[in-house]
$ cat data23.cif   # mmCIF, C-alpha atoms and all ligand atoms
data_query
#
loop_
_atom_site.label_atom_id
_atom_site.label_comp_id
_atom_site.auth_asym_id
_atom_site.auth_seq_id
_atom_site.Cartn_x
_atom_site.Cartn_y
_atom_site.Cartn_z
CA MET A 30 23.08 -12.44 2.81
CA LEU A 31 19.53 -11.13 2.24
CA LYS A 32 17.28 -12.90 -0.23
CA LEU A 33 13.84 -11.84 -1.39
CA GLU A 34 11.76 -14.37 -3.30
CA ASN A 35 8.53 -13.35 -5.03
CA VAL A 36 7.73 -10.74 -2.41
CA SER A 37 4.33 -9.12 -2.99
CA LYS A 38 2.43 -6.58 -0.91
CA ASN A 39 -1.11 -5.34 -1.49
CA PHE A 40 -2.74 -2.35 0.18
CA GLY A 41 -6.53 -2.70 0.08
CA GLY A 42 -6.30 -4.90 -3.00
CA LEU A 43 -3.90 -2.56 -4.83
CA PRO A 44 -0.46 -4.07 -5.50
CA ALA A 45 2.50 -2.04 -4.12
CA LEU A 46 4.96 -4.91 -4.75
CA SER A 47 4.49 -7.76 -7.24
CA ASP A 48 6.74 -10.83 -7.15
CA VAL A 49 9.95 -8.98 -6.35
CA SER A 50 13.03 -11.24 -6.18
CA PHE A 51 16.68 -10.28 -5.71
CA GLU A 52 19.64 -10.88 -3.42
CA VAL A 53 21.83 -8.52 -1.40
CA PRO A 54 25.31 -10.10 -1.39
CA GLN A 55 27.53 -9.87 1.69
CA GLY A 56 30.06 -7.03 1.79
CA LEU A 57 28.53 -5.16 -1.15
CA VAL A 58 26.33 -2.10 -1.53
CA THR A 59 23.05 -2.75 -3.32
CA ALA A 60 21.07 0.33 -4.35
CA LEU A 61 17.32 0.14 -4.76
CA ILE A 62 16.08 2.81 -7.13
CA GLY A 63 12.86 3.64 -8.92
CA PRO A 64 10.43 6.49 -9.55
CA ASN A 65 8.21 7.86 -6.76
CA GLY A 66 5.66 5.28 -5.62
CA ALA A 67 7.64 2.38 -7.12
CA GLY A 68 7.48 0.44 -3.83
CA LYS A 69 10.98 1.01 -2.40
CA SER A 70 9.93 1.95 1.16
CA THR A 71 7.31 -0.79 1.16
CA LEU A 72 10.04 -3.27 0.30
CA ILE A 73 12.30 -2.04 3.14
CA ASN A 74 9.31 -2.26 5.52
CA CYS A 75 8.53 -5.81 4.38
CA THR A 76 12.19 -6.76 4.94
CA THR A 77 12.41 -5.34 8.45
CA GLY A 78 9.14 -6.72 9.87
CA VAL A 79 7.37 -3.33 9.89
CA LEU A 80 4.98 -4.77 7.28
CA GLN A 81 4.15 -8.40 6.48
CA PRO A 82 4.39 -9.30 2.79
CA SER A 83 1.11 -10.57 1.33
CA LYS A 84 3.11 -13.30 -0.42
CA GLY A 85 6.71 -14.48 -0.85
CA THR A 86 9.67 -15.00 1.48
CA VAL A 87 12.47 -12.91 2.92
CA SER A 88 15.56 -14.80 4.18
CA PHE A 89 18.56 -13.45 6.04
CA GLN A 90 21.68 -15.61 6.30
CA GLN A 91 19.66 -18.58 5.05
CA LYS A 92 16.98 -18.15 7.76
CA LYS A 93 13.41 -17.24 6.85
CA ILE A 94 12.50 -13.96 8.55
CA THR A 95 9.23 -13.20 6.72
CA ALA A 96 6.93 -13.54 9.74
CA LEU A 97 9.24 -12.01 12.36
CA PRO A 98 8.28 -8.76 14.13
CA ALA A 99 10.59 -5.73 13.73
CA HIS A 100 12.37 -6.09 17.11
CA GLN A 101 13.34 -9.69 16.35
CA VAL A 102 14.62 -8.73 12.89
CA ALA A 103 16.76 -6.03 14.56
CA ARG A 104 18.20 -8.62 16.97
CA LEU A 105 19.42 -10.69 14.03
CA GLY A 106 21.75 -7.83 13.03
CA ILE A 107 19.66 -5.80 10.59
CA ALA A 108 19.53 -2.05 11.25
CA ARG A 109 17.72 0.64 9.29
CA THR A 110 16.99 4.31 8.92
CA PHE A 111 13.56 5.70 8.06
CA GLN A 112 12.58 7.95 5.16
CA ASN A 113 10.39 9.96 7.56
CA LEU A 114 12.69 10.36 10.54
CA LYS A 115 11.75 8.37 13.63
CA LEU A 116 13.71 9.89 16.51
CA PHE A 117 12.53 10.34 20.11
CA PRO A 118 12.28 14.16 20.16
CA ARG A 119 12.43 14.58 23.97
CA LEU A 120 15.37 12.23 24.48
CA THR A 121 18.88 13.57 24.10
CA VAL A 122 20.84 12.90 20.94
CA LEU A 123 23.06 10.49 22.93
CA ASP A 124 20.07 8.56 24.31
CA ASN A 125 18.61 8.30 20.80
CA VAL A 126 21.83 6.68 19.61
CA LEU A 127 21.89 4.43 22.69
CA THR A 128 18.52 3.01 21.63
CA GLY A 129 20.44 1.47 18.72
CA LEU A 130 22.29 -0.64 21.31
CA THR A 131 19.31 -1.87 23.36
CA CYS A 132 19.79 -5.42 22.03
CA GLU A 133 23.21 -5.44 23.71
CA GLY A 134 22.16 -4.12 27.13
CA GLY A 135 21.81 -7.65 28.45
CA SER A 136 20.50 -6.64 31.88
CA SER A 137 17.33 -7.66 33.66
CA MET A 138 15.10 -5.17 35.50
CA LEU A 139 16.46 -6.51 38.83
CA MET A 140 20.09 -6.03 37.74
CA ALA A 141 19.29 -2.49 36.59
CA MET A 142 17.69 -1.68 39.96
CA LEU A 143 20.64 -3.08 41.93
CA ARG A 144 23.09 -0.94 39.88
CA LEU A 145 25.80 -3.61 40.14
CA PRO A 146 29.36 -2.41 39.35
CA TYR A 147 29.43 -4.72 36.32
CA LEU A 148 26.34 -3.00 34.97
CA ARG A 149 27.72 0.49 35.52
CA HIS A 150 30.85 -0.55 33.63
CA ARG A 151 28.69 -1.96 30.82
CA GLU A 152 26.69 1.29 30.62
CA ARG A 153 29.91 3.31 30.36
CA GLN A 154 31.07 1.08 27.49
CA LEU A 155 27.79 1.51 25.62
CA LYS A 156 27.91 5.30 26.12
CA LEU A 157 31.45 5.35 24.79
CA ARG A 158 30.37 3.50 21.65
CA ALA A 159 27.41 5.86 21.19
CA MET A 160 29.75 8.87 21.56
CA GLU A 161 32.11 7.36 18.96
CA ALA A 162 29.17 6.97 16.56
CA LEU A 163 28.18 10.60 17.17
CA ASP A 164 31.75 11.67 16.57
CA ARG A 165 31.80 9.90 13.18
CA PHE A 166 28.86 12.06 12.14
CA SER A 167 30.30 15.27 13.71
CA LEU A 168 27.55 15.40 16.33
CA SER A 169 29.40 14.89 19.62
CA ASP A 170 29.00 18.57 20.59
CA LYS A 171 25.21 18.09 20.46
CA ALA A 172 25.11 14.84 22.49
CA ASP A 173 23.11 16.44 25.33
CA TRP A 174 20.64 18.34 23.13
CA PRO A 175 17.05 17.09 22.89
CA ALA A 176 16.84 15.49 19.44
CA GLY A 177 13.62 17.39 18.65
CA ILE A 178 15.36 20.77 18.43
CA LEU A 179 18.00 19.71 15.90
CA ALA A 180 18.02 20.96 12.31
CA TYR A 181 16.75 18.46 9.70
CA GLY A 182 20.25 17.58 8.45
CA ASP A 183 21.45 16.81 11.98
CA LYS A 184 18.39 14.64 12.65
CA LYS A 185 19.20 12.59 9.53
CA ARG A 186 22.74 12.10 10.79
CA VAL A 187 21.51 11.05 14.27
CA GLU A 188 19.44 8.35 12.52
CA LEU A 189 22.56 7.17 10.71
CA ALA A 190 24.58 7.16 13.94
CA ARG A 191 21.83 5.12 15.64
CA ALA A 192 21.62 2.65 12.74
CA THR A 193 25.39 2.12 12.56
CA VAL A 194 26.30 2.15 16.29
CA SER A 195 25.67 -1.59 16.72
CA GLN A 196 27.88 -2.46 13.70
CA PRO A 197 24.95 -4.34 12.11
CA ASP A 198 25.53 -7.15 9.61
CA LEU A 199 23.09 -5.49 7.22
CA LEU A 200 22.26 -1.80 7.01
CA LEU A 201 19.09 -0.65 5.23
CA LEU A 202 19.13 3.06 4.44
CA ASP A 203 15.93 4.71 3.24
CA GLU A 204 16.95 7.91 1.41
CA PRO A 205 19.81 8.93 3.73
CA VAL A 206 20.58 12.18 1.88
CA ALA A 207 17.04 13.30 0.93
CA GLY A 208 16.51 16.92 1.99
CA LEU A 209 20.18 17.51 2.83
CA ASN A 210 22.17 20.40 1.35
CA ALA A 211 25.24 19.79 -0.83
CA GLU A 212 27.69 20.00 2.08
CA GLU A 213 25.67 17.61 4.28
CA THR A 214 25.20 15.22 1.35
CA ALA A 215 28.96 15.13 0.78
CA GLU A 216 29.55 14.42 4.49
CA VAL A 217 27.03 11.56 4.61
CA GLY A 218 28.38 10.25 1.28
CA GLU A 219 31.85 10.14 2.82
CA GLN A 220 30.53 8.15 5.82
CA LEU A 221 28.80 5.69 3.48
CA ARG A 222 32.05 5.27 1.54
CA LEU A 223 33.89 4.54 4.81
CA LEU A 224 31.25 1.98 5.81
CA ARG A 225 31.54 0.44 2.36
CA SER A 226 35.32 0.14 2.51
CA ALA A 227 35.02 -1.38 6.00
CA GLY A 228 33.04 -4.17 4.29
CA HIS A 229 29.53 -3.33 5.56
CA THR A 230 26.65 -4.80 3.61
CA MET A 231 24.10 -2.15 2.67
CA LEU A 232 20.79 -1.85 0.89
CA LEU A 233 20.48 1.79 -0.07
CA VAL A 234 17.26 3.42 -1.25
CA GLU A 235 18.18 6.73 -2.81
CA HIS A 236 17.08 9.21 -5.47
CA ASP A 237 20.49 10.92 -5.63
CA MET A 238 21.83 9.19 -8.73
CA ASP A 239 25.37 10.58 -8.40
CA LEU A 240 25.65 8.95 -4.98
CA VAL A 241 24.05 5.70 -6.17
CA MET A 242 26.27 5.41 -9.25
CA GLU A 243 29.38 6.11 -7.22
CA ILE A 244 28.78 3.91 -4.20
CA ALA A 245 26.68 0.94 -5.42
CA ASP A 246 28.12 -2.39 -6.55
CA GLN A 247 24.73 -3.55 -7.82
CA VAL A 248 21.53 -1.66 -8.60
CA VAL A 249 18.00 -3.05 -8.43
CA VAL A 250 15.31 -1.04 -10.22
CA LEU A 251 11.66 -1.09 -9.19
CA ASP A 252 8.85 0.39 -11.24
CA SER A 253 5.17 0.17 -10.22
CA GLY A 254 6.01 -2.56 -7.71
CA LYS A 255 7.90 -4.75 -10.17
CA CYS A 256 11.63 -5.40 -10.41
CA ILE A 257 12.46 -4.28 -13.96
CA ALA A 258 16.28 -4.51 -13.88
CA THR A 259 19.24 -5.68 -11.82
CA GLY A 260 22.88 -5.09 -12.69
CA THR A 261 25.96 -2.96 -12.20
CA PRO A 262 25.39 0.82 -12.16
CA GLU A 263 26.69 1.00 -15.75
CA GLU A 264 24.41 -1.81 -16.99
CA VAL A 265 21.38 -0.26 -15.34
CA ARG A 266 22.20 3.21 -16.66
CA ARG A 267 22.09 1.84 -20.23
CA ASN A 268 19.02 -0.38 -19.76
CA PRO A 269 16.17 0.83 -22.05
CA LEU A 270 13.48 -0.32 -19.57
CA VAL A 271 15.04 1.83 -16.85
CA LEU A 272 15.35 4.84 -19.13
CA GLU A 273 11.72 4.42 -20.12
CA ALA A 274 10.56 4.13 -16.48
CA TYR A 275 12.30 7.39 -15.57
CA LEU A 276 11.73 9.31 -18.81
CA GLY A 277 8.10 8.15 -19.01
CA ARG A 278 7.50 9.61 -15.55
CA MET A 279 9.21 12.87 -16.54
CA GLU A 280 7.09 13.18 -19.69
CA ALA A 281 3.91 12.44 -17.74
CA THR A 282 4.65 15.20 -15.23
CA ALA A 283 5.94 17.74 -17.81
N1 LIG B 301 0.39 2.17 4.30
C1 LIG B 301 -0.03 2.29 3.04
N2 LIG B 301 -1.34 2.20 2.74
C2 LIG B 301 -1.78 2.27 1.47
N3 LIG B 301 -0.98 2.44 0.40
C3 LIG B 301 0.33 2.55 0.63
C4 LIG B 301 0.89 2.48 1.96
N4 LIG B 301 2.25 2.60 1.88
C5 LIG B 301 2.52 2.75 0.57
N5 LIG B 301 1.39 2.72 -0.17
C6 LIG B 301 1.31 2.82 -1.64
O1 LIG B 301 2.19 1.84 -2.16
C7 LIG B 301 2.87 2.34 -3.32
C8 LIG B 301 4.38 2.28 -3.09
O2 LIG B 301 4.73 3.25 -2.09
P1 LIG B 301 6.21 3.40 -1.50
O3 LIG B 301 6.16 4.46 -0.45
O4 LIG B 301 6.72 2.07 -1.11
O5 LIG B 301 7.00 3.92 -2.79
P2 LIG B 301 8.47 4.53 -2.87
O6 LIG B 301 9.12 3.89 -4.06
O7 LIG B 301 9.16 4.37 -1.56
O8 LIG B 301 8.17 6.05 -3.18
P3 LIG B 301 9.04 7.38 -2.84
O9 LIG B 301 10.25 7.34 -3.70
O10 LIG B 301 8.11 8.48 -3.22
O11 LIG B 301 9.34 7.34 -1.36
C9 LIG B 301 2.37 3.76 -3.53
O12 LIG B 301 1.33 3.71 -4.49
C10 LIG B 301 1.81 4.15 -2.18
O13 LIG B 301 0.76 5.08 -2.30
#
$ encode --input "data23.cif" --output "structure tokens" --more "lines below"
Ligand SMILES: Nc1ncnc2c1ncn2[C@@H]1O[C@H](COP(=O)(O)OP(=O)(O)OP(=O)(O)O)[C@@H](O)[C@H]1O
Amino acid sequence: MLKLENVSKNFGGLPALSDVSFEVPQGLVTALIGPNGAGKSTLINCTTGVLQPSKGTVSFQQKKITALPAHQVARLGIARTFQNLKLFPRLTVLDNVLTGLTCEGGSSMLMAMLRLPYLRHRERQLKLRAMEALDRFSLSDKADWPAGILAYGDKKRVELARATVSQPDLLLLDEPVAGLNAEETAEVGEQLRLLRSAGHTMLLVEHDMDLVMEIADQVVVLDSGKCIATGTPEEVRRNPLVLEAYLGRMEATA
């Protein structure tokens, strides 16, 4: 479904990604792991049009999307969450989730001004879907709250509700449980399992190895911008290069 071929990204001459190639197969969960600074977020940003790769190609459903801006990538059916939350703090929780459905609004400025009955009906339908998404993440009681006043764990779940509300073909999750407590992690884990069993295709960046090993069908390991291993969770867990990448970092910081 998603294919990366020799994707490289340099920042001021320093390589953050070097010739990274792998595929995200349809209907499966691919986890992208690696030590801090390995290039995981850079890779998600290069895939979603937030950054342009310096070299290489990204294709989605056999179409090259490398040069597309972020809003066009989103229209193709790719949704994402951000490692550093990107909510609209003054908008309500419901309106934040509705922004995940803007591609489906389908109304011109003139239609919106005329408030045609069809449009009002459409708006009600979109609100209903946004409320259902909030309900899945136990947030419906906070629908009218400004997103900025929510606790960190709730903000993370609003991001997930916004990313999933449009039922995207591909979901890119950048550390969905980072900073959550054990109870919140279990709740989000349960939602990810439900999405997985409903056949959603996901690329999951995560440091929580228990979650990765449980939910992922395939694991891709980055280290210093290079893809050092790809395989099932069990294969990757036993791979000496992966052990060295993680243990080496631990020894260096000990
Ligand atoms: N906008 C930027 N400008 C310059 N350097 C950057 C930029 N974004 C990332 N980098 C550098 O690129 C490298 C990869 O960073 P990236 O954030 O992609 O790693 P990561 O694997 O997501 O790390 P973490 O697990 O800590 O989130 C790092 O050395 C980082 O300092």
$ atom_distance --input "data23.cif" --atom1 "atom CA of Arg109 of chain A" --atom2 "atom CA of Ala192 of chain A"
5.6 Å
$ axis_aligned_box --input "data23.cif" --around "ligand LIG 301 (chain B)" --padding-each-side "3 Å" --output "JSON"
{"center_x": 4.2, "center_y": 5.2, "center_z": -0.1, "size_x": 18.0, "size_y": 12.6, "size_z": 14.8}
$ closest_atom_pairs --input "data23.cif" --of "chain A" --to "ligand LIG 301 (chain B)" --cutoff "12 Å" --atoms "only C-alpha atoms and all ligand atoms" --output "tab-separated table"
residue	atom	partner	partner_atom	distance
A:Ser37	CA	B:LIG301	O1	11.2
A:Lys38	CA	B:LIG301	O1	8.5
A:Asn39	CA	B:LIG301	O1	7.9
A:Phe40	CA	B:LIG301	C2	4.9
A:Gly41	CA	B:LIG301	C2	7.0
A:Gly42	CA	B:LIG301	C2	9.6
A:Leu43	CA	B:LIG301	N3	7.8
A:Pro44	CA	B:LIG301	O1	7.3
A:Ala45	CA	B:LIG301	O1	4.4
A:Leu46	CA	B:LIG301	C8	7.4
A:Ser47	CA	B:LIG301	C8	10.9
A:Leu61	CA	B:LIG301	O6	9.0
A:Ile62	CA	B:LIG301	O6	7.7
A:Gly63	CA	B:LIG301	O6	6.1
A:Pro64	CA	B:LIG301	O9	5.9
A:Asn65	CA	B:LIG301	O10	3.6
A:Gly66	CA	B:LIG301	O5	3.4
A:Ala67	CA	B:LIG301	O6	3.7
A:Gly68	CA	B:LIG301	O4	3.3
A:Lys69	CA	B:LIG301	O6	3.8
A:Ser70	CA	B:LIG301	O7	3.7
A:Thr71	CA	B:LIG301	O4	3.7
A:Leu72	CA	B:LIG301	O4	6.4
A:Ile73	CA	B:LIG301	O4	8.1
A:Asn74	CA	B:LIG301	O4	8.3
A:Cys75	CA	B:LIG301	O4	9.8
A:Val79	CA	B:LIG301	N1	10.5
A:Leu80	CA	B:LIG301	N1	8.8
A:Gln81	CA	B:LIG301	N1	11.4
A:Phe111	CA	B:LIG301	O11	10.5
A:Gln112	CA	B:LIG301	O11	7.3
A:Asn113	CA	B:LIG301	O11	9.4
A:Leu202	CA	B:LIG301	O7	11.7
A:Asp203	CA	B:LIG301	O7	8.3
A:Glu204	CA	B:LIG301	O11	8.1
A:Pro205	CA	B:LIG301	O11	11.7
A:Ala207	CA	B:LIG301	O11	10.0
A:Leu233	CA	B:LIG301	O7	11.7
A:Val234	CA	B:LIG301	O7	8.2
A:Glu235	CA	B:LIG301	O9	8.0
A:His236	CA	B:LIG301	O9	7.3
A:Asp237	CA	B:LIG301	O9	11.0
A:Val250	CA	B:LIG301	O6	10.0
A:Leu251	CA	B:LIG301	O6	7.6
A:Asp252	CA	B:LIG301	O6	8.0
A:Ser253	CA	B:LIG301	C8	7.5
A:Gly254	CA	B:LIG301	C8	6.9
A:Lys255	CA	B:LIG301	C8	10.6
A:Cys256	CA	B:LIG301	O6	11.5
$ write_last_selection --input "data23.cif" --atoms "C-alpha atoms" --output "PDB file, in the frame of the given file"
ATOM      1  CA  SER A  37       4.330  -9.120  -2.990  1.00  0.00           C
ATOM      2  CA  LYS A  38       2.430  -6.580  -0.910  1.00  0.00           C
ATOM      3  CA  ASN A  39      -1.110  -5.340  -1.490  1.00  0.00           C
ATOM      4  CA  PHE A  40      -2.740  -2.350   0.180  1.00  0.00           C
ATOM      5  CA  GLY A  41      -6.530  -2.700   0.080  1.00  0.00           C
ATOM      6  CA  GLY A  42      -6.300  -4.900  -3.000  1.00  0.00           C
ATOM      7  CA  LEU A  43      -3.900  -2.560  -4.830  1.00  0.00           C
ATOM      8  CA  PRO A  44      -0.460  -4.070  -5.500  1.00  0.00           C
ATOM      9  CA  ALA A  45       2.500  -2.040  -4.120  1.00  0.00           C
ATOM     10  CA  LEU A  46       4.960  -4.910  -4.750  1.00  0.00           C
ATOM     11  CA  SER A  47       4.490  -7.760  -7.240  1.00  0.00           C
ATOM     12  CA  LEU A  61      17.320   0.140  -4.760  1.00  0.00           C
ATOM     13  CA  ILE A  62      16.080   2.810  -7.130  1.00  0.00           C
ATOM     14  CA  GLY A  63      12.860   3.640  -8.920  1.00  0.00           C
ATOM     15  CA  PRO A  64      10.430   6.490  -9.550  1.00  0.00           C
ATOM     16  CA  ASN A  65       8.210   7.860  -6.760  1.00  0.00           C
ATOM     17  CA  GLY A  66       5.660   5.280  -5.620  1.00  0.00           C
ATOM     18  CA  ALA A  67       7.640   2.380  -7.120  1.00  0.00           C
ATOM     19  CA  GLY A  68       7.480   0.440  -3.830  1.00  0.00           C
ATOM     20  CA  LYS A  69      10.980   1.010  -2.400  1.00  0.00           C
ATOM     21  CA  SER A  70       9.930   1.950   1.160  1.00  0.00           C
ATOM     22  CA  THR A  71       7.310  -0.790   1.160  1.00  0.00           C
ATOM     23  CA  LEU A  72      10.040  -3.270   0.300  1.00  0.00           C
ATOM     24  CA  ILE A  73      12.300  -2.040   3.140  1.00  0.00           C
ATOM     25  CA  ASN A  74       9.310  -2.260   5.520  1.00  0.00           C
ATOM     26  CA  CYS A  75       8.530  -5.810   4.380  1.00  0.00           C
ATOM     27  CA  VAL A  79       7.370  -3.330   9.890  1.00  0.00           C
ATOM     28  CA  LEU A  80       4.980  -4.770   7.280  1.00  0.00           C
ATOM     29  CA  GLN A  81       4.150  -8.400   6.480  1.00  0.00           C
ATOM     30  CA  PHE A 111      13.560   5.700   8.060  1.00  0.00           C
ATOM     31  CA  GLN A 112      12.580   7.950   5.160  1.00  0.00           C
ATOM     32  CA  ASN A 113      10.390   9.960   7.560  1.00  0.00           C
ATOM     33  CA  LEU A 202      19.130   3.060   4.440  1.00  0.00           C
ATOM     34  CA  ASP A 203      15.930   4.710   3.240  1.00  0.00           C
ATOM     35  CA  GLU A 204      16.950   7.910   1.410  1.00  0.00           C
ATOM     36  CA  PRO A 205      19.810   8.930   3.730  1.00  0.00           C
ATOM     37  CA  ALA A 207      17.040  13.300   0.930  1.00  0.00           C
ATOM     38  CA  LEU A 233      20.480   1.790  -0.070  1.00  0.00           C
ATOM     39  CA  VAL A 234      17.260   3.420  -1.250  1.00  0.00           C
ATOM     40  CA  GLU A 235      18.180   6.730  -2.810  1.00  0.00           C
ATOM     41  CA  HIS A 236      17.080   9.210  -5.470  1.00  0.00           C
ATOM     42  CA  ASP A 237      20.490  10.920  -5.630  1.00  0.00           C
ATOM     43  CA  VAL A 250      15.310  -1.040 -10.220  1.00  0.00           C
ATOM     44  CA  LEU A 251      11.660  -1.090  -9.190  1.00  0.00           C
ATOM     45  CA  ASP A 252       8.850   0.390 -11.240  1.00  0.00           C
ATOM     46  CA  SER A 253       5.170   0.170 -10.220  1.00  0.00           C
ATOM     47  CA  GLY A 254       6.010  -2.560  -7.710  1.00  0.00           C
ATOM     48  CA  LYS A 255       7.900  -4.750 -10.170  1.00  0.00           C
ATOM     49  CA  CYS A 256      11.630  -5.400 -10.410  1.00  0.00           C
TER      50      CYS A 256
END
$ residues_around --input "data23.cif" --residues "Phe166 of chain A" --least-positions-apart "4" --cutoff "9 Å" --atoms "all atoms listed in the file" --output "short mmCIF file (atom, residue, chain, number, x, y, z; two decimals) with C-alpha atoms, in the frame of the given file"
data_model
loop_
_atom_site.label_atom_id
_atom_site.label_comp_id
_atom_site.auth_asym_id
_atom_site.auth_seq_id
_atom_site.Cartn_x
_atom_site.Cartn_y
_atom_site.Cartn_z
CA GLU A 161 32.11 7.36 18.96
CA ALA A 162 29.17 6.97 16.56
CA ASP A 183 21.45 16.81 11.98
CA ARG A 186 22.74 12.10 10.79
CA VAL A 187 21.51 11.05 14.27
CA LEU A 189 22.56 7.17 10.71
CA ALA A 190 24.58 7.16 13.94
CA GLU A 216 29.55 14.42 4.49
CA VAL A 217 27.03 11.56 4.61
CA GLN A 220 30.53 8.15 5.82
#
$ atom_distance --input "data23.cif" --atom1 "atom CA of Leu57 of chain A" --atom2 "atom CA of His229 of chain A"
7.0 Å
$ atom_distance --input "data23.cif" --atom1 "atom CA of Leu224 of chain A" --atom2 "atom CA of Ser88 of chain A"
23.0 Å
$ residues_around --input "data23.cif" --residues "Val36 of chain A" --least-positions-apart "2" --cutoff "7 Å" --atoms "only C-alpha atoms" --output "list in words"
Leu33, Glu34, Lys38, Leu46, Ser47, Asp48, Val49, Ser50, Pro82, Lys84, Gly85 and Thr86 of chain A
$ closest_residue --input "data23.cif" --among "A:Asp173, A:Glu212, A:Asp164, A:Glu188" --to "Leu116 of chain A" --atoms "all atoms listed in the file"
A:Glu188
$ closest_residue --input "data23.cif" --among "A:Leu163, A:Leu157, A:Leu179, A:Leu97" --to "Val126 of chain A" --atoms "all atoms listed in the file"
A:Leu163
$ closest_residue --input "data23.cif" --among "A:Ala96, A:Leu127, A:Leu148, A:Val102" --to "Met160 of chain A" --atoms "all atoms listed in the file"
A:Leu127
$ closest_residue --input "data23.cif" --among "A:Lys171, A:Arg266, A:Arg151, A:Arg225" --to "Gly56 of chain A" --atoms "only C-alpha atoms"
A:Arg225
$ closest_residue --input "data23.cif" --among "A:Leu240, A:Val53, A:Val248, A:Ala180" --to "Met30 of chain A" --atoms "all atoms listed in the file"
A:Val53
$ closest_residue --input "data23.cif" --among "A:Ser169, A:Val87, A:Gly182, A:Phe117" --to "Thr214 of chain A" --atoms "all atoms listed in the file"
A:Gly182
$ residues_around --input "data23.cif" --residues "Pro118 of chain A" --least-positions-apart "4" --cutoff "7 Å" --atoms "all atoms listed in the file" --output "list in words"
Pro175, Ala176 and Gly177 of chain A
$ residues_around --input "data23.cif" --residues "Thr259 of chain A" --least-positions-apart "2" --cutoff "10 Å" --atoms "only C-alpha atoms" --output "JSON, numbers by chain"
{"A": [51, 52, 59, 60, 61, 247, 248, 249, 250, 251, 256, 257, 261, 262, 264, 265, 268, 271]}
